[in-house]
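J.: Sharing a structure below in structure tokens format, with a few things to ask.
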Amino acid sequence: MGQAGLCCGAGASLCEAPCSTLAVLTCSACPFLTDAPWCGHCQALAPEFTRAAGILKNDSMGLRLAKVDAIEETDLSAEFGVTAYPVLKLFRDGNRTHPIDFTGTRDAEGIVRWMRRKAGPSTELLQDEASAQEFIASQDVVVVGFFKDLQSKAAQGFYEIASDAVDVTFGVSNRTELFQKYSVTPDTVCLFKKVREGGARHQLGLNKEELSRFIVLHSLELVMEFTSQNSPKIFGAKILNHLLLFINKTLEAHQEILGSFQAAAPPFRGQVLFVLIDVNGEGAQVLQYFGLKSHEAPTMRFINIETNRKYRMATDEFTSQAVGSFAQAVLDGKVQPHFMSEEVPEDWDKHPVKILVGKNFEQVAYDETKNVFVKFYAPWCTHCKEMAPVWEALGEKYKDHENIIIAKLDATANEIMNLTIRGYPTLHYFPAGPDRKVLLRLPGWDGKGPLGWGCTWALIWTLRAALVPQLTQDAELKGFREG
């Protein structure tokens, strides 16, 4: 077997990977990390990556780690489509054109586990009854494939699933005595669970997609606590509905609520993922996304992560029956979405750039007599801060035009029905008239847009083009006007 690698940081066990030495990385199984020195996520990952490199330094499988500074190595960033940081990719068998995206947990143990699963055998061969019993007892959840031919098409599909589900332990056997012991026919897959959730053996079919989903669902705990380690599992489960319980785990009364939350979870497996948010731990970072403060715990929110619709439980009763009824009511469409909003500032309209919040957005943006240009921003966003003086200059330019409003809205603290903001800053133009249209959408400004949106004149020209289409025949602006 050749070498494999994944790289980050500095040290004897790490190798830098500029363009001239990329071939070193494209060996038997070689993941590499693309990072940006200023990125907080990269900085958080770096020590875990270094620790993983130390663990793998003398690994018998020849696994290696490598690092690329994506800001310096722009050609590599373009070649592999790197637009956010950090990005981890696996290169195997010298294949440069089809790297595998890293899907494990971003701690040292998760990186090592993912590497070994991808580079080595994805299943353990079970030779007899003793080894099978020991294997099944070794983990809370294990999956065993029983195949007459371990090289058959069905078995190959099973190996592929095992390679992807790195947090689940997989075994395989072609022994007739084990078929008899577990009362299965050849080409059968079984999932074994320990008694903690009632004890079960699920005999499964061989449809790859259905089998993969079933394994993922049943490898998750009924209630997942939000942590940096669990985050990839939570968002990788492909369950769109999440019910979040915000509590302080240091308080005994809150622990009692957790018991009711856990009791309500079983009927919703596969439909709703129950998630625990400890406001006194890692979960504190989730509070702002829901417009909450730690002192508001205990509280509960339901979110669909595809539509970003959030729902608030109307009562503070947290019995298992109340929790289950709330979850079912949301699924049945009987609960209205909850939209965050700050209070309307007293001086919201006293400056060239008007301040919008959820509570006054409809009144201003959809005023039939006004053309309204809105910047949706995040206070912590670097690009938003860079754009702030440009937006103020635009407001100053049009402050005396009665039918033109330049406005801004903090999209981290205010939500608007039927408007989903996915990048910061995002610009929306709402023209005068009765149709409630959005004719101009400029998401995720980064200073490198087709018109150089960092320039005040470019924004002014864009607004003029939106207001008076006949001013320009520019195809690019016309495309923006038509959304």
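Each chain in the structure tokens gets a letter, A, B, ..., in the order shown, and its residues are numbered from 1; ligands are numbered from 1 in order too.
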Name all residues at most 6 Å from range 169-184 of chain A (count only C-alpha atoms; drop same-chain ones fewer than 6 positions away) and give them as a list of chain:residue names.
T.: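 The residues satisfying every condition are A:Thr123, A:Glu124, A:Leu125, A:Leu126, A:Val142, A:Val143, A:Val144, A:Gly145, A:Phe146, A:Phe147, A:Lys148.
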J.: May I have the selected residues written with N, CA and C atoms, as a CSV table (one decimal), in the first residue's frame?
T.:
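For reference, part02.csv as written:
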chain,number,residue,atom,x,y,z
A,123,THR,N,-14.3,-2.8,6.7
A,123,THR,CA,-15.1,-3.8,7.5
A,123,THR,C,-14.1,-4.8,8.2
A,124,GLU,N,-14.6,-5.4,9.3
A,124,GLU,CA,-13.8,-6.4,10.0
A,124,GLU,C,-14.4,-7.8,9.6
A,125,LEU,N,-13.5,-8.7,9.2
A,125,LEU,CA,-13.9,-10.0,8.8
A,125,LEU,C,-14.2,-10.9,10.0
A,126,LEU,N,-15.4,-11.4,10.1
A,126,LEU,CA,-15.8,-12.3,11.2
A,126,LEU,C,-15.7,-13.7,10.8
A,142,VAL,N,-23.5,-1.8,15.8
A,142,VAL,CA,-22.7,-2.3,14.8
A,142,VAL,C,-23.5,-2.8,13.7
A,143,VAL,N,-22.9,-2.9,12.5
A,143,VAL,CA,-23.6,-3.4,11.3
A,143,VAL,C,-22.8,-4.6,10.7
A,144,VAL,N,-23.5,-5.6,10.4
A,144,VAL,CA,-22.8,-6.8,9.9
A,144,VAL,C,-23.5,-7.2,8.6
A,145,GLY,N,-22.7,-7.4,7.6
A,145,GLY,CA,-23.1,-7.9,6.3
A,145,GLY,C,-22.8,-9.4,6.1
A,146,PHE,N,-23.8,-10.1,5.8
A,146,PHE,CA,-23.7,-11.6,5.6
A,146,PHE,C,-23.8,-11.9,4.1
A,147,PHE,N,-22.7,-12.3,3.5
A,147,PHE,CA,-22.6,-12.5,2.1
A,147,PHE,C,-22.0,-13.8,1.7
A,148,LYS,N,-22.6,-14.5,0.8
A,148,LYS,CA,-22.1,-15.8,0.3
A,148,LYS,C,-20.8,-15.5,-0.4
J.: Just list as an mmCIF file with all heavy atoms, in the first residue's frame whatever in range 179-342 of chain A DSSP marks as strand (DSSP E or B).
T.:
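Listed below is the output, out.cif:
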data_model
loop_
_atom_site.group_PDB
_atom_site.id
_atom_site.type_symbol
_atom_site.label_atom_id
_atom_site.label_comp_id
_atom_site.auth_asym_id
_atom_site.auth_seq_id
_atom_site.Cartn_x
_atom_site.Cartn_y
_atom_site.Cartn_z
ATOM 1 N N THR A 188 -27.597 -10.524 3.321
ATOM 2 C CA THR A 188 -28.444 -9.836 4.302
ATOM 3 C C THR A 188 -27.563 -8.928 5.157
ATOM 4 O O THR A 188 -26.431 -9.279 5.491
ATOM 5 C CB THR A 188 -29.155 -10.852 5.219
ATOM 6 O OG1 THR A 188 -30.040 -11.644 4.430
ATOM 7 C CG2 THR A 188 -29.958 -10.148 6.301
ATOM 8 N N VAL A 189 -28.093 -7.786 5.504
ATOM 9 C CA VAL A 189 -27.386 -6.855 6.384
ATOM 10 C C VAL A 189 -28.190 -6.700 7.668
ATOM 11 O O VAL A 189 -29.409 -6.503 7.620
ATOM 12 C CB VAL A 189 -27.198 -5.478 5.711
ATOM 13 C CG1 VAL A 189 -26.564 -4.490 6.689
ATOM 14 C CG2 VAL A 189 -26.329 -5.611 4.464
ATOM 15 N N CYS A 190 -27.515 -6.789 8.815
ATOM 16 C CA CYS A 190 -28.175 -6.633 10.111
ATOM 17 C C CYS A 190 -27.517 -5.518 10.914
ATOM 18 O O CYS A 190 -26.290 -5.400 10.939
ATOM 19 C CB CYS A 190 -28.102 -7.929 10.915
ATOM 20 S SG CYS A 190 -29.143 -9.252 10.272
ATOM 21 N N LEU A 191 -28.338 -4.712 11.565
ATOM 22 C CA LEU A 191 -27.853 -3.684 12.486
ATOM 23 C C LEU A 191 -28.181 -4.152 13.905
ATOM 24 O O LEU A 191 -29.336 -4.440 14.210
ATOM 25 C CB LEU A 191 -28.506 -2.342 12.178
ATOM 26 C CG LEU A 191 -28.062 -1.149 13.035
ATOM 27 C CD1 LEU A 191 -28.035 0.125 12.192
ATOM 28 C CD2 LEU A 191 -28.985 -0.931 14.230
ATOM 29 N N PHE A 192 -27.163 -4.228 14.745
ATOM 30 C CA PHE A 192 -27.311 -4.684 16.127
ATOM 31 C C PHE A 192 -27.165 -3.492 17.060
ATOM 32 O O PHE A 192 -26.201 -2.717 16.962
ATOM 33 C CB PHE A 192 -26.253 -5.731 16.471
ATOM 34 C CG PHE A 192 -26.353 -6.997 15.669
ATOM 35 C CD1 PHE A 192 -25.744 -7.106 14.423
ATOM 36 C CD2 PHE A 192 -27.054 -8.090 16.167
ATOM 37 C CE1 PHE A 192 -25.829 -8.277 13.686
ATOM 38 C CE2 PHE A 192 -27.143 -9.271 15.433
ATOM 39 C CZ PHE A 192 -26.532 -9.369 14.181
ATOM 40 N N LYS A 193 -28.114 -3.338 18.000
ATOM 41 C CA LYS A 193 -28.066 -2.248 18.961
ATOM 42 C C LYS A 193 -28.080 -2.816 20.371
ATOM 43 O O LYS A 193 -28.728 -3.831 20.644
ATOM 44 C CB LYS A 193 -29.274 -1.312 18.779
ATOM 45 C CG LYS A 193 -29.365 -0.682 17.401
ATOM 46 C CD LYS A 193 -30.492 0.321 17.318
ATOM 47 C CE LYS A 193 -30.180 1.549 18.111
ATOM 48 N NZ LYS A 193 -31.170 2.623 17.861
ATOM 49 N N ALA A 200 -32.110 -4.350 19.999
ATOM 50 C CA ALA A 200 -32.784 -4.648 18.741
ATOM 51 C C ALA A 200 -31.796 -5.205 17.734
ATOM 52 O O ALA A 200 -30.596 -4.950 17.792
ATOM 53 C CB ALA A 200 -33.430 -3.383 18.171
ATOM 54 N N ARG A 201 -32.326 -6.008 16.820
ATOM 55 C CA ARG A 201 -31.580 -6.417 15.643
ATOM 56 C C ARG A 201 -32.458 -6.130 14.445
ATOM 57 O O ARG A 201 -33.554 -6.674 14.329
ATOM 58 C CB ARG A 201 -31.235 -7.910 15.685
ATOM 59 C CG ARG A 201 -30.274 -8.286 14.566
ATOM 60 C CD ARG A 201 -30.162 -9.787 14.394
ATOM 61 N NE ARG A 201 -31.244 -10.303 13.563
ATOM 62 C CZ ARG A 201 -31.393 -11.589 13.246
ATOM 63 N NH1 ARG A 201 -30.560 -12.489 13.728
ATOM 64 N NH2 ARG A 201 -32.389 -11.982 12.490
ATOM 65 N N HIS A 202 -32.015 -5.241 13.584
ATOM 66 C CA HIS A 202 -32.789 -4.860 12.408
ATOM 67 C C HIS A 202 -32.220 -5.561 11.179
ATOM 68 O O HIS A 202 -31.038 -5.414 10.863
ATOM 69 C CB HIS A 202 -32.736 -3.346 12.196
ATOM 70 C CG HIS A 202 -33.253 -2.565 13.364
ATOM 71 N ND1 HIS A 202 -34.587 -2.289 13.540
ATOM 72 C CD2 HIS A 202 -32.608 -2.016 14.431
ATOM 73 C CE1 HIS A 202 -34.748 -1.582 14.654
ATOM 74 N NE2 HIS A 202 -33.564 -1.406 15.216
ATOM 75 N N GLN A 203 -33.048 -6.360 10.528
ATOM 76 C CA GLN A 203 -32.612 -7.017 9.294
ATOM 77 C C GLN A 203 -32.993 -6.124 8.122
ATOM 78 O O GLN A 203 -34.151 -5.732 7.973
ATOM 79 C CB GLN A 203 -33.281 -8.394 9.165
ATOM 80 C CG GLN A 203 -32.705 -9.246 8.036
ATOM 81 C CD GLN A 203 -33.070 -10.710 8.193
ATOM 82 O OE1 GLN A 203 -32.994 -11.257 9.299
ATOM 83 N NE2 GLN A 203 -33.475 -11.341 7.102
ATOM 84 N N LEU A 204 -32.003 -5.790 7.314
ATOM 85 C CA LEU A 204 -32.180 -4.744 6.321
ATOM 86 C C LEU A 204 -32.057 -5.285 4.898
ATOM 87 O O LEU A 204 -31.453 -6.330 4.653
ATOM 88 C CB LEU A 204 -31.121 -3.649 6.528
ATOM 89 C CG LEU A 204 -30.933 -3.176 7.973
ATOM 90 C CD1 LEU A 204 -29.769 -2.207 8.060
ATOM 91 C CD2 LEU A 204 -32.210 -2.535 8.481
ATOM 92 N N VAL A 223 -31.302 11.881 21.373
ATOM 93 C CA VAL A 223 -31.076 13.307 21.618
ATOM 94 C C VAL A 223 -29.587 13.570 21.427
ATOM 95 O O VAL A 223 -28.752 12.974 22.117
ATOM 96 C CB VAL A 223 -31.512 13.724 23.032
ATOM 97 C CG1 VAL A 223 -31.138 15.184 23.293
ATOM 98 C CG2 VAL A 223 -33.015 13.528 23.203
ATOM 99 N N MET A 224 -29.263 14.442 20.475
ATOM 100 C CA MET A 224 -27.873 14.777 20.183
ATOM 101 C C MET A 224 -27.529 16.116 20.832
ATOM 102 O O MET A 224 -28.225 17.108 20.592
ATOM 103 C CB MET A 224 -27.658 14.879 18.675
ATOM 104 C CG MET A 224 -27.918 13.598 17.901
ATOM 105 S SD MET A 224 -26.635 12.361 18.179
ATOM 106 C CE MET A 224 -25.222 13.156 17.423
ATOM 107 N N GLU A 225 -26.481 16.143 21.648
ATOM 108 C CA GLU A 225 -26.036 17.428 22.192
ATOM 109 C C GLU A 225 -25.193 18.154 21.161
ATOM 110 O O GLU A 225 -24.319 17.556 20.521
ATOM 111 C CB GLU A 225 -25.238 17.238 23.478
ATOM 112 C CG GLU A 225 -24.783 18.576 24.068
ATOM 113 C CD GLU A 225 -24.147 18.452 25.440
ATOM 114 O OE1 GLU A 225 -24.106 17.320 25.979
ATOM 115 O OE2 GLU A 225 -23.701 19.487 25.974
ATOM 116 N N ASN A 241 -35.730 18.636 9.841
ATOM 117 C CA ASN A 241 -36.411 19.235 10.991
ATOM 118 C C ASN A 241 -35.635 18.977 12.272
ATOM 119 O O ASN A 241 -35.330 17.816 12.594
ATOM 120 C CB ASN A 241 -37.827 18.667 11.125
ATOM 121 C CG ASN A 241 -38.687 18.992 9.920
ATOM 122 O OD1 ASN A 241 -38.819 20.152 9.548
ATOM 123 N ND2 ASN A 241 -39.261 17.970 9.290
ATOM 124 N N HIS A 242 -35.313 20.046 12.988
ATOM 125 C CA HIS A 242 -34.596 19.926 14.253
ATOM 126 C C HIS A 242 -35.416 20.584 15.366
ATOM 127 O O HIS A 242 -35.927 21.690 15.194
ATOM 128 C CB HIS A 242 -33.234 20.620 14.173
ATOM 129 C CG HIS A 242 -32.272 19.977 13.228
ATOM 130 N ND1 HIS A 242 -30.999 20.463 13.018
ATOM 131 C CD2 HIS A 242 -32.391 18.882 12.437
ATOM 132 C CE1 HIS A 242 -30.374 19.700 12.136
ATOM 133 N NE2 HIS A 242 -31.203 18.738 11.766
ATOM 134 N N LEU A 243 -35.523 19.893 16.499
ATOM 135 C CA LEU A 243 -36.163 20.460 17.690
ATOM 136 C C LEU A 243 -35.074 20.689 18.726
ATOM 137 O O LEU A 243 -34.400 19.740 19.159
ATOM 138 C CB LEU A 243 -37.230 19.512 18.235
ATOM 139 C CG LEU A 243 -38.011 20.031 19.451
ATOM 140 C CD1 LEU A 243 -38.729 21.335 19.133
ATOM 141 C CD2 LEU A 243 -39.006 18.977 19.938
ATOM 142 N N LEU A 244 -34.869 21.936 19.111
ATOM 143 C CA LEU A 244 -33.767 22.310 19.984
ATOM 144 C C LEU A 244 -34.270 22.675 21.375
ATOM 145 O O LEU A 244 -35.167 23.512 21.518
ATOM 146 C CB LEU A 244 -33.003 23.511 19.414
ATOM 147 C CG LEU A 244 -32.030 23.267 18.259
ATOM 148 C CD1 LEU A 244 -32.751 22.790 17.004
ATOM 149 C CD2 LEU A 244 -31.258 24.538 17.931
ATOM 150 N N LEU A 245 -33.688 22.046 22.380
ATOM 151 C CA LEU A 245 -33.977 22.378 23.770
ATOM 152 C C LEU A 245 -32.783 23.133 24.339
ATOM 153 O O LEU A 245 -31.659 22.620 24.385
ATOM 154 C CB LEU A 245 -34.223 21.115 24.593
ATOM 155 C CG LEU A 245 -34.373 21.325 26.112
ATOM 156 C CD1 LEU A 245 -35.609 22.158 26.422
ATOM 157 C CD2 LEU A 245 -34.410 19.990 26.848
ATOM 158 N N PHE A 246 -33.011 24.370 24.775
ATOM 159 C CA PHE A 246 -31.976 25.200 25.374
ATOM 160 C C PHE A 246 -32.078 25.097 26.889
ATOM 161 O O PHE A 246 -33.084 25.504 27.478
ATOM 162 C CB PHE A 246 -32.148 26.666 24.951
ATOM 163 C CG PHE A 246 -31.957 26.910 23.478
ATOM 164 C CD1 PHE A 246 -32.995 26.667 22.578
ATOM 165 C CD2 PHE A 246 -30.757 27.392 22.989
ATOM 166 C CE1 PHE A 246 -32.838 26.894 21.225
ATOM 167 C CE2 PHE A 246 -30.585 27.633 21.633
ATOM 168 C CZ PHE A 246 -31.623 27.382 20.744
ATOM 169 N N ILE A 247 -31.042 24.547 27.534
ATOM 170 C CA ILE A 247 -31.032 24.445 28.990
ATOM 171 C C ILE A 247 -29.633 24.757 29.504
ATOM 172 O O ILE A 247 -28.664 24.809 28.748
ATOM 173 C CB ILE A 247 -31.440 23.040 29.499
ATOM 174 C CG1 ILE A 247 -30.414 21.990 29.046
ATOM 175 C CG2 ILE A 247 -32.847 22.688 29.060
ATOM 176 C CD1 ILE A 247 -30.600 20.633 29.730
ATOM 177 N N VAL A 272 -37.745 14.137 12.922
ATOM 178 C CA VAL A 272 -37.269 15.307 13.664
ATOM 179 C C VAL A 272 -36.055 14.884 14.477
ATOM 180 O O VAL A 272 -36.106 13.883 15.191
ATOM 181 C CB VAL A 272 -38.351 15.864 14.616
ATOM 182 C CG1 VAL A 272 -37.828 17.091 15.362
ATOM 183 C CG2 VAL A 272 -39.616 16.204 13.851
ATOM 184 N N LEU A 273 -34.973 15.643 14.373
ATOM 185 C CA LEU A 273 -33.786 15.376 15.177
ATOM 186 C C LEU A 273 -33.865 16.232 16.436
ATOM 187 O O LEU A 273 -33.960 17.459 16.366
ATOM 188 C CB LEU A 273 -32.524 15.728 14.380
ATOM 189 C CG LEU A 273 -31.195 15.352 15.016
ATOM 190 C CD1 LEU A 273 -31.118 13.842 15.247
ATOM 191 C CD2 LEU A 273 -30.036 15.809 14.145
ATOM 192 N N PHE A 274 -33.854 15.579 17.591
ATOM 193 C CA PHE A 274 -33.908 16.271 18.874
ATOM 194 C C PHE A 274 -32.487 16.653 19.278
ATOM 195 O O PHE A 274 -31.597 15.796 19.362
ATOM 196 C CB PHE A 274 -34.538 15.368 19.940
ATOM 197 C CG PHE A 274 -36.048 15.309 19.876
ATOM 198 C CD1 PHE A 274 -36.710 14.996 18.701
ATOM 199 C CD2 PHE A 274 -36.811 15.574 21.006
ATOM 200 C CE1 PHE A 274 -38.092 14.941 18.636
ATOM 201 C CE2 PHE A 274 -38.204 15.530 20.964
ATOM 202 C CZ PHE A 274 -38.851 15.222 19.764
ATOM 203 N N VAL A 275 -32.277 17.951 19.526
ATOM 204 C CA VAL A 275 -30.936 18.472 19.790
ATOM 205 C C VAL A 275 -30.924 19.228 21.113
ATOM 206 O O VAL A 275 -31.785 20.073 21.372
ATOM 207 C CB VAL A 275 -30.471 19.415 18.657
ATOM 208 C CG1 VAL A 275 -29.050 19.920 18.926
ATOM 209 C CG2 VAL A 275 -30.536 18.708 17.304
ATOM 210 N N LEU A 276 -29.933 18.919 21.952
ATOM 211 C CA LEU A 276 -29.753 19.597 23.231
ATOM 212 C C LEU A 276 -28.735 20.731 23.070
ATOM 213 O O LEU A 276 -27.641 20.521 22.544
ATOM 214 C CB LEU A 276 -29.256 18.604 24.284
ATOM 215 C CG LEU A 276 -28.779 19.203 25.611
ATOM 216 C CD1 LEU A 276 -29.931 19.872 26.341
ATOM 217 C CD2 LEU A 276 -28.126 18.127 26.475
ATOM 218 N N ILE A 277 -29.106 21.912 23.518
ATOM 219 C CA ILE A 277 -28.216 23.065 23.496
ATOM 220 C C ILE A 277 -27.908 23.466 24.940
ATOM 221 O O ILE A 277 -28.795 23.927 25.664
ATOM 222 C CB ILE A 277 -28.852 24.265 22.761
ATOM 223 C CG1 ILE A 277 -29.340 23.865 21.355
ATOM 224 C CG2 ILE A 277 -27.858 25.420 22.695
ATOM 225 C CD1 ILE A 277 -28.241 23.470 20.408
ATOM 226 N N ASP A 278 -26.663 23.273 25.369
ATOM 227 C CA ASP A 278 -26.260 23.680 26.717
ATOM 228 C C ASP A 278 -25.786 25.123 26.641
ATOM 229 O O ASP A 278 -24.708 25.421 26.113
ATOM 230 C CB ASP A 278 -25.128 22.781 27.226
ATOM 231 C CG ASP A 278 -24.682 23.149 28.633
ATOM 232 O OD1 ASP A 278 -25.356 23.988 29.268
ATOM 233 O OD2 ASP A 278 -23.663 22.598 29.087
ATOM 234 N N THR A 299 -35.889 26.966 27.133
ATOM 235 C CA THR A 299 -36.824 27.304 26.069
ATOM 236 C C THR A 299 -36.600 26.339 24.915
ATOM 237 O O THR A 299 -35.613 25.591 24.902
ATOM 238 C CB THR A 299 -36.662 28.773 25.624
ATOM 239 O OG1 THR A 299 -37.718 29.122 24.736
ATOM 240 C CG2 THR A 299 -35.325 28.990 24.914
ATOM 241 N N MET A 300 -37.505 26.378 23.963
ATOM 242 C CA MET A 300 -37.444 25.409 22.882
ATOM 243 C C MET A 300 -37.720 26.089 21.546
ATOM 244 O O MET A 300 -38.545 26.992 21.456
ATOM 245 C CB MET A 300 -38.479 24.293 23.133
ATOM 246 C CG MET A 300 -38.253 23.019 22.341
ATOM 247 S SD MET A 300 -39.422 21.727 22.877
ATOM 248 C CE MET A 300 -38.953 21.557 24.596
ATOM 249 N N ARG A 301 -37.006 25.645 20.507
ATOM 250 C CA ARG A 301 -37.227 26.136 19.148
ATOM 251 C C ARG A 301 -37.227 24.959 18.175
ATOM 252 O O ARG A 301 -36.446 24.016 18.325
ATOM 253 C CB ARG A 301 -36.141 27.132 18.732
ATOM 254 C CG ARG A 301 -36.124 28.435 19.515
ATOM 255 C CD ARG A 301 -37.356 29.274 19.244
ATOM 256 N NE ARG A 301 -37.258 30.574 19.904
ATOM 257 C CZ ARG A 301 -37.650 30.819 21.136
ATOM 258 N NH1 ARG A 301 -38.156 29.826 21.870
ATOM 259 N NH2 ARG A 301 -37.541 32.026 21.654
ATOM 260 N N PHE A 302 -38.069 25.066 17.169
ATOM 261 C CA PHE A 302 -38.128 24.085 16.084
ATOM 262 C C PHE A 302 -37.645 24.801 14.832
ATOM 263 O O PHE A 302 -38.038 25.938 14.569
ATOM 264 C CB PHE A 302 -39.575 23.608 15.902
ATOM 265 C CG PHE A 302 -39.763 22.442 14.965
ATOM 266 C CD1 PHE A 302 -40.164 21.208 15.442
ATOM 267 C CD2 PHE A 302 -39.565 22.578 13.592
ATOM 268 C CE1 PHE A 302 -40.373 20.130 14.580
ATOM 269 C CE2 PHE A 302 -39.760 21.521 12.726
ATOM 270 C CZ PHE A 302 -40.164 20.287 13.222
ATOM 271 N N ILE A 303 -36.774 24.175 14.050
ATOM 272 C CA ILE A 303 -36.284 24.800 12.818
ATOM 273 C C ILE A 303 -36.236 23.789 11.687
ATOM 274 O O ILE A 303 -35.869 22.625 11.887
ATOM 275 C CB ILE A 303 -34.884 25.433 13.023
ATOM 276 C CG1 ILE A 303 -34.414 26.130 11.743
ATOM 277 C CG2 ILE A 303 -33.869 24.409 13.499
ATOM 278 C CD1 ILE A 303 -33.138 26.929 11.892
ATOM 279 N N ASN A 304 -36.638 24.227 10.508
ATOM 280 C CA ASN A 304 -36.415 23.447 9.292
ATOM 281 C C ASN A 304 -35.173 24.028 8.639
ATOM 282 O O ASN A 304 -35.163 25.200 8.233
ATOM 283 C CB ASN A 304 -37.615 23.539 8.346
ATOM 284 C CG ASN A 304 -37.413 22.720 7.078
ATOM 285 O OD1 ASN A 304 -36.610 23.068 6.216
ATOM 286 N ND2 ASN A 304 -38.140 21.634 6.963
ATOM 287 N N ARG A 309 -37.054 28.196 8.373
ATOM 288 C CA ARG A 309 -38.213 28.620 9.167
ATOM 289 C C ARG A 309 -38.046 28.148 10.606
ATOM 290 O O ARG A 309 -37.728 26.993 10.858
ATOM 291 C CB ARG A 309 -39.505 28.038 8.574
ATOM 292 C CG ARG A 309 -39.890 28.648 7.223
ATOM 293 C CD ARG A 309 -40.438 30.048 7.417
ATOM 294 N NE ARG A 309 -40.791 30.693 6.172
ATOM 295 C CZ ARG A 309 -41.974 30.589 5.578
ATOM 296 N NH1 ARG A 309 -42.916 29.841 6.120
ATOM 297 N NH2 ARG A 309 -42.209 31.221 4.448
ATOM 298 N N LYS A 310 -38.297 29.062 11.538
ATOM 299 C CA LYS A 310 -38.169 28.761 12.955
ATOM 300 C C LYS A 310 -39.543 28.843 13.615
ATOM 301 O O LYS A 310 -40.383 29.653 13.222
ATOM 302 C CB LYS A 310 -37.213 29.750 13.631
ATOM 303 C CG LYS A 310 -35.812 29.810 13.016
ATOM 304 C CD LYS A 310 -34.957 30.823 13.755
ATOM 305 C CE LYS A 310 -33.562 30.943 13.145
ATOM 306 N NZ LYS A 310 -33.561 31.705 11.890
ATOM 307 N N TYR A 311 -39.748 28.004 14.638
ATOM 308 C CA TYR A 311 -41.033 27.957 15.332
ATOM 309 C C TYR A 311 -40.776 27.981 16.838
ATOM 310 O O TYR A 311 -39.859 27.332 17.342
ATOM 311 C CB TYR A 311 -41.810 26.690 14.959
ATOM 312 C CG TYR A 311 -42.048 26.561 13.469
ATOM 313 C CD1 TYR A 311 -41.077 26.008 12.636
ATOM 314 C CD2 TYR A 311 -43.235 27.007 12.897
ATOM 315 C CE1 TYR A 311 -41.281 25.904 11.272
ATOM 316 C CE2 TYR A 311 -43.452 26.898 11.522
ATOM 317 C CZ TYR A 311 -42.466 26.357 10.722
ATOM 318 O OH TYR A 311 -42.668 26.252 9.361
ATOM 319 N N ARG A 312 -41.623 28.736 17.531
ATOM 320 C CA ARG A 312 -41.454 28.922 18.972
ATOM 321 C C ARG A 312 -42.571 28.213 19.724
ATOM 322 O O ARG A 312 -43.746 28.332 19.363
ATOM 323 C CB ARG A 312 -41.475 30.416 19.293
ATOM 324 C CG ARG A 312 -41.293 30.751 20.750
ATOM 325 C CD ARG A 312 -41.277 32.262 20.933
ATOM 326 N NE ARG A 312 -41.074 32.654 22.315
ATOM 327 C CZ ARG A 312 -40.960 33.902 22.715
ATOM 328 N NH1 ARG A 312 -41.045 34.887 21.829
ATOM 329 N NH2 ARG A 312 -40.772 34.169 23.987
#
J.: Would you please extract all helix (DSSP H, G or I) residues from range 233-479 of chain A, as assigned by DSSP on the backbone, and give them as a ChimeraX atom specification?
T.: /A:233-236,252-264,266-268,282-290,294-296,320-331,358-365,382-398,456-467,469-471,475-479
J.: Could you tell me how far CA of Lys408 in chain A lies from CA of Val353 in chain A, in Å and to one decimal?
T.: 6.8 Å
J.: So what do you get for CA of Val335 in chain A versus CA of Gly283 in chain A, distance-wise?
T.: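 Atom-to-atom, CA of Val335 in chain A to CA of Gly283 in chain A, that is 25.3 Å.
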J.: Applying 9 Å and only C-alpha atoms, which residues near Phe235 in chain A remain after dropping the ones on its own chain fewer than 5 positions away? List them as number ranges by chain.
T.: A: 230, 240, 305
J.: Keeping only N, CA, C and O atoms, write the selected residues to a file as a PDB file, in the first residue's frame.
T.:
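That gives us out.pdb:
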ATOM      1  N   ASN A 230     -20.103  16.735  17.589  1.00  0.00           N
ATOM      2  CA  ASN A 230     -21.381  16.217  17.104  1.00  0.00           C
ATOM      3  C   ASN A 230     -21.951  17.001  15.934  1.00  0.00           C
ATOM      4  O   ASN A 230     -22.833  16.511  15.215  1.00  0.00           O
ATOM      5  N   LEU A 240     -34.158  17.230   8.047  1.00  0.00           N
ATOM      6  CA  LEU A 240     -34.322  18.662   7.849  1.00  0.00           C
ATOM      7  C   LEU A 240     -34.957  19.371   9.043  1.00  0.00           C
ATOM      8  O   LEU A 240     -34.755  20.568   9.232  1.00  0.00           O
ATOM      9  N   ILE A 305     -34.095  23.261   8.547  1.00  0.00           N
ATOM     10  CA  ILE A 305     -32.817  23.808   8.106  1.00  0.00           C
ATOM     11  C   ILE A 305     -32.754  24.014   6.596  1.00  0.00           C
ATOM     12  O   ILE A 305     -31.799  24.618   6.100  1.00  0.00           O
TER      13      ILE A 305
END
J.: Mind giving me the straight-line distance from CA of Asp349 in chain A to CA of Ile406 in chain A in Å, one decimal?
T.: 10.2 Å
J.: Find, counting only C-alpha atoms, the residue in A:Thr103, A:Gln328, A:Gln139, A:Asn308 that gets nearest to Val166 in chain A.
T.: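 Nearest to Val166 in chain A: A:Thr103.
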